[in-house]
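Have a look at data36.cif below; it lists mmCIF, C-alpha atoms and all ligand atoms.
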data_query
#
loop_
_atom_site.group_PDB
_atom_site.id
_atom_site.type_symbol
_atom_site.label_atom_id
_atom_site.label_comp_id
_atom_site.auth_asym_id
_atom_site.auth_seq_id
_atom_site.Cartn_x
_atom_site.Cartn_y
_atom_site.Cartn_z
ATOM 1 C CA MET N 1 45.041 41.358 7.786
ATOM 2 C CA ALA N 2 41.607 41.423 9.426
ATOM 3 C CA GLY N 3 40.226 38.007 8.456
ATOM 4 C CA THR N 4 43.118 35.897 9.681
ATOM 5 C CA ASN N 5 42.023 35.406 13.306
ATOM 6 C CA ALA N 6 38.481 34.317 12.344
ATOM 7 C CA ILE N 7 39.626 31.150 10.666
ATOM 8 C CA ARG N 8 42.346 30.214 13.084
ATOM 9 C CA GLY N 9 41.465 27.032 14.946
ATOM 10 C CA THR N 10 39.418 25.597 12.137
ATOM 11 C CA ARG N 11 41.848 23.028 10.925
ATOM 12 C CA VAL N 12 40.874 21.035 7.922
ATOM 13 C CA GLY N 13 41.068 17.339 8.741
ATOM 14 C CA SER N 14 40.389 17.704 12.458
ATOM 15 C CA SER N 15 36.755 16.698 12.070
ATOM 16 C CA ALA N 16 35.287 14.405 14.720
ATOM 17 C CA VAL N 17 33.993 12.055 12.061
ATOM 18 C CA ARG N 18 36.247 9.054 11.633
ATOM 19 C CA TRP N 19 35.959 8.175 7.991
ATOM 20 C CA ASN N 20 37.724 4.836 8.263
ATOM 21 C CA GLU N 21 35.091 3.524 10.682
ATOM 22 C CA SER N 22 32.881 1.241 8.656
ATOM 23 C CA PRO N 23 29.165 1.967 9.144
ATOM 24 C CA THR N 24 28.377 -1.765 9.087
ATOM 25 C CA ASP N 25 30.448 -2.385 12.195
ATOM 26 C CA ARG N 26 28.042 -0.413 14.281
ATOM 27 C CA SER N 27 24.739 -1.710 12.901
ATOM 28 C CA GLU N 28 25.811 -5.336 13.297
ATOM 29 C CA SER N 29 25.820 -4.897 17.038
ATOM 30 C CA ILE N 30 22.017 -4.536 16.862
ATOM 31 C CA ALA N 31 20.124 -7.786 16.447
ATOM 32 C CA ARG N 32 18.032 -7.589 13.353
ATOM 33 C CA ARG N 33 15.717 -9.767 11.345
ATOM 34 C CA THR N 34 14.695 -9.576 7.748
ATOM 35 C CA VAL N 35 11.061 -10.207 6.901
ATOM 36 C CA GLY N 36 9.876 -10.891 3.356
ATOM 37 C CA TYR N 37 6.567 -9.450 2.202
ATOM 38 C CA TRP N 38 4.504 -10.376 -0.827
ATOM 39 C CA CYS N 39 1.702 -8.321 -2.354
ATOM 40 C CA CYS N 40 -1.243 -9.568 -4.414
ATOM 41 C CA ASN N 41 0.651 -8.676 -7.601
ATOM 42 C CA GLY N 42 3.449 -11.094 -6.704
ATOM 43 C CA HIS N 43 6.005 -8.426 -5.819
ATOM 44 C CA HIS N 44 8.461 -9.440 -3.150
ATOM 45 C CA THR N 45 10.119 -6.983 -0.811
ATOM 46 C CA GLU N 46 12.321 -7.547 2.198
ATOM 47 C CA GLN N 47 12.322 -5.272 5.195
ATOM 48 C CA THR N 48 14.760 -5.384 8.060
ATOM 49 C CA PHE N 49 13.583 -4.733 11.574
ATOM 50 C CA ALA N 50 15.211 -4.696 14.974
ATOM 51 C CA ALA N 51 14.812 -8.163 16.470
ATOM 52 C CA GLU N 52 13.191 -6.896 19.653
ATOM 53 C CA ILE N 53 10.200 -5.368 17.855
ATOM 54 C CA ALA N 54 7.471 -7.439 16.252
ATOM 55 C CA PRO N 55 7.473 -6.888 12.492
ATOM 56 C CA PRO N 56 4.248 -5.356 11.176
ATOM 57 C CA ALA N 57 1.701 -7.774 9.709
ATOM 58 C CA LEU N 58 1.313 -5.628 6.615
ATOM 59 C CA TRP N 59 3.732 -3.581 4.574
ATOM 60 C CA ASP N 60 2.939 -1.335 1.629
ATOM 61 C CA CYS N 61 4.460 -2.814 -1.507
ATOM 62 C CA PRO N 62 7.086 -0.301 -2.672
ATOM 63 C CA ARG N 63 6.404 -1.209 -6.310
ATOM 64 C CA CYS N 64 2.613 -1.001 -6.609
ATOM 65 C CA GLY N 65 1.399 0.364 -3.253
ATOM 66 C CA GLN N 66 -0.774 -2.662 -2.497
ATOM 67 C CA PRO N 67 -0.640 -4.128 1.009
ATOM 68 C CA ALA N 68 1.910 -6.916 1.285
ATOM 69 C CA GLY N 69 2.030 -9.693 3.873
ATOM 70 C CA PRO N 70 4.671 -12.154 5.106
ATOM 71 C CA ASP N 71 2.794 -15.188 3.717
ATOM 72 C CA GLU N 72 3.823 -15.656 0.084
ATOM 73 C CA ALA N 73 1.066 -18.181 -0.649
ATOM 74 C CA ASN N 74 -1.611 -15.966 0.824
ATOM 75 C CA PRO N 75 -0.931 -12.270 0.188
ATOM 76 C CA PRO N 76 -3.403 -9.730 1.542
ATOM 77 C CA ALA N 77 -6.351 -8.980 -0.702
ATOM 78 C CA ARG N 78 -6.454 -5.898 -2.817
ATOM 79 C CA PRO N 79 -8.407 -3.224 -0.934
ATOM 80 C CA GLN N 80 -11.783 -2.152 -2.299
ATOM 81 C CA ALA N 81 -10.739 1.372 -3.048
ATOM 82 C CA GLU N 82 -7.878 1.416 -5.514
ATOM 83 C CA PRO N 83 -5.936 4.571 -4.824
ATOM 84 C CA TYR N 84 -3.617 4.037 -7.777
ATOM 85 C CA LYS N 85 -6.294 3.946 -10.459
ATOM 86 C CA THR N 86 -5.464 6.350 -13.238
ATOM 87 C CA HIS N 87 -7.695 9.137 -14.456
ATOM 88 C CA LEU N 88 -8.089 7.266 -17.734
ATOM 89 C CA ALA N 89 -9.350 4.201 -15.853
ATOM 90 C CA TYR N 90 -12.036 6.327 -14.228
ATOM 91 C CA VAL N 91 -13.029 7.818 -17.573
ATOM 92 C CA LYS N 92 -13.225 4.381 -19.158
ATOM 93 C CA GLU N 93 -15.440 3.232 -16.325
ATOM 94 C CA ARG N 94 -17.935 5.989 -17.022
ATOM 95 C CA ARG N 95 -17.907 5.810 -20.797
ATOM 96 C CA SER N 96 -18.097 2.945 -23.248
ATOM 97 C CA ASP N 97 -15.816 2.732 -26.240
ATOM 98 C CA GLU N 98 -18.694 3.835 -28.497
ATOM 99 C CA ASP N 99 -19.175 6.928 -26.360
ATOM 100 C CA GLY N 100 -15.478 7.610 -26.600
ATOM 101 C CA ALA N 101 -15.500 7.302 -30.396
ATOM 102 C CA ALA N 102 -18.506 9.624 -30.651
ATOM 103 C CA ILE N 103 -16.878 12.197 -28.390
ATOM 104 C CA LEU N 104 -13.670 11.994 -30.381
ATOM 105 C CA ALA N 105 -15.535 12.430 -33.694
ATOM 106 C CA GLU N 106 -17.410 15.386 -32.259
ATOM 107 C CA ALA N 107 -14.185 16.969 -31.038
ATOM 108 C CA LEU N 108 -12.528 16.464 -34.418
ATOM 109 C CA GLN N 109 -15.517 18.070 -36.136
ATOM 110 C CA ARG N 110 -15.228 21.061 -33.875
ATOM 111 C CA VAL N 111 -11.483 21.397 -34.574
ATOM 112 C CA ARG N 112 -12.109 21.164 -38.312
ATOM 113 C CA ALA N 113 -14.921 23.716 -38.125
ATOM 114 C CA ARG N 114 -12.611 26.103 -36.313
ATOM 115 C CA ARG N 115 -10.014 25.651 -39.024
ATOM 116 C CA GLY N 116 -12.663 26.280 -41.642
ATOM 117 C CA GLU N 117 -12.364 22.877 -43.293
HETATM 118 ZN ZN ZN G 201 3.280 -4.957 -5.432
#
What does this structure look like when you write it as structure tokens?
Amino acid sequence: MAGTNAIRGTRVGSSAVRWNESPTDRSESIARRTVGYWCCNGHHTEQTFAAEIAPPALWDCPRCGQPAGPDEANPPARPQAEPYKTHLAYVKERRSDEDGAAILAEALQRVRARRGE
């Protein structure tokens, strides 16, 4: 049988990975510190860093994307440009509610005209 030799030597279970070695055993040998960050929306996140490096002064809040700082009482200010503003928020900025109602009425008229109502 031709294929027999190709798989000889590949023994299942002889992998170098030792599955019973707990991954926490290794990481605990590295000194770490956990730093809490708070954003201007009151979200709290904790990040763990190696003890020998200085933790960054700012961290992006994983929940809202705002900058977060280690001082809970004094979180960093919201930046001027709000990258997470929705398209609707931009539209609302440009148009008043009255404008919106007029545009909607106009659009409805056009739809009705197309339907022949
Ligand atoms: Zn946040």
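Pairwise distance (atom CA of N:Arg32, atom CA of N:Ala77) equals 28.2 Å.
With distances taken over all atoms listed in the file, N:Pro76 is the one residue among N:Glu52, N:Pro62, N:Pro76, N:His87 lying closest to N:Cys39.
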Enclose the full set of atoms of stretch 93-105 of chain N listed in the file within a box whose edges lie along x, y and z, apply 3 Å of padding to each of the six sides, and report centre and edge lengths in Å to one decimal as AutoDock Vina command-line options.
--center_x -16.4 --center_y 7.6 --center_z -25.0 --size_x 11.5 --size_y 15.7 --size_z 23.4
Shell around N:Asp71 at 10 Å using all atoms listed in the file, local window under 3 positions removed, as a ChimeraX atom specification: /N:36-39,57,68,74-76
Write the residues of the preceding selection, restricted to C-alpha atoms, as a compact mmCIF listing (two decimals), in the frame of the given file.
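And here's part.txt as it stands now:
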# COMPACT_ATOMS: atom_id res chain seq x y z
CA GLY N 36 9.88 -10.89 3.36
CA TYR N 37 6.57 -9.45 2.20
CA TRP N 38 4.50 -10.38 -0.83
CA CYS N 39 1.70 -8.32 -2.35
CA ALA N 57 1.70 -7.77 9.71
CA ALA N 68 1.91 -6.92 1.28
CA ASN N 74 -1.61 -15.97 0.82
CA PRO N 75 -0.93 -12.27 0.19
CA PRO N 76 -3.40 -9.73 1.54
Distance limit 7 Å, reference ligand ZN 201 (chain G), atoms considered: all atoms listed in the file. Which residues make the cut? Give them as an mmCIF file with C-alpha atoms, keeping the file's coordinate frame.
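As a result, out_36.cif now contains:
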data_model
loop_
_atom_site.group_PDB
_atom_site.id
_atom_site.type_symbol
_atom_site.label_atom_id
_atom_site.label_comp_id
_atom_site.auth_asym_id
_atom_site.auth_seq_id
_atom_site.Cartn_x
_atom_site.Cartn_y
_atom_site.Cartn_z
ATOM 1 C CA CYS N 39 1.702 -8.321 -2.354
ATOM 2 C CA CYS N 40 -1.243 -9.568 -4.414
ATOM 3 C CA ASN N 41 0.651 -8.676 -7.601
ATOM 4 C CA GLY N 42 3.449 -11.094 -6.704
ATOM 5 C CA HIS N 43 6.005 -8.426 -5.819
ATOM 6 C CA CYS N 61 4.460 -2.814 -1.507
ATOM 7 C CA PRO N 62 7.086 -0.301 -2.672
ATOM 8 C CA ARG N 63 6.404 -1.209 -6.310
ATOM 9 C CA CYS N 64 2.613 -1.001 -6.609
ATOM 10 C CA GLY N 65 1.399 0.364 -3.253
ATOM 11 C CA GLN N 66 -0.774 -2.662 -2.497
#
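One finds atom CA of N:Ala51 at 8.1 Å from atom CA of N:Ile30.
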Figure out the distance between atom CA of N:Glu98 and atom CA of N:Gly116, please, to one decimal in Å. 26.7 Å
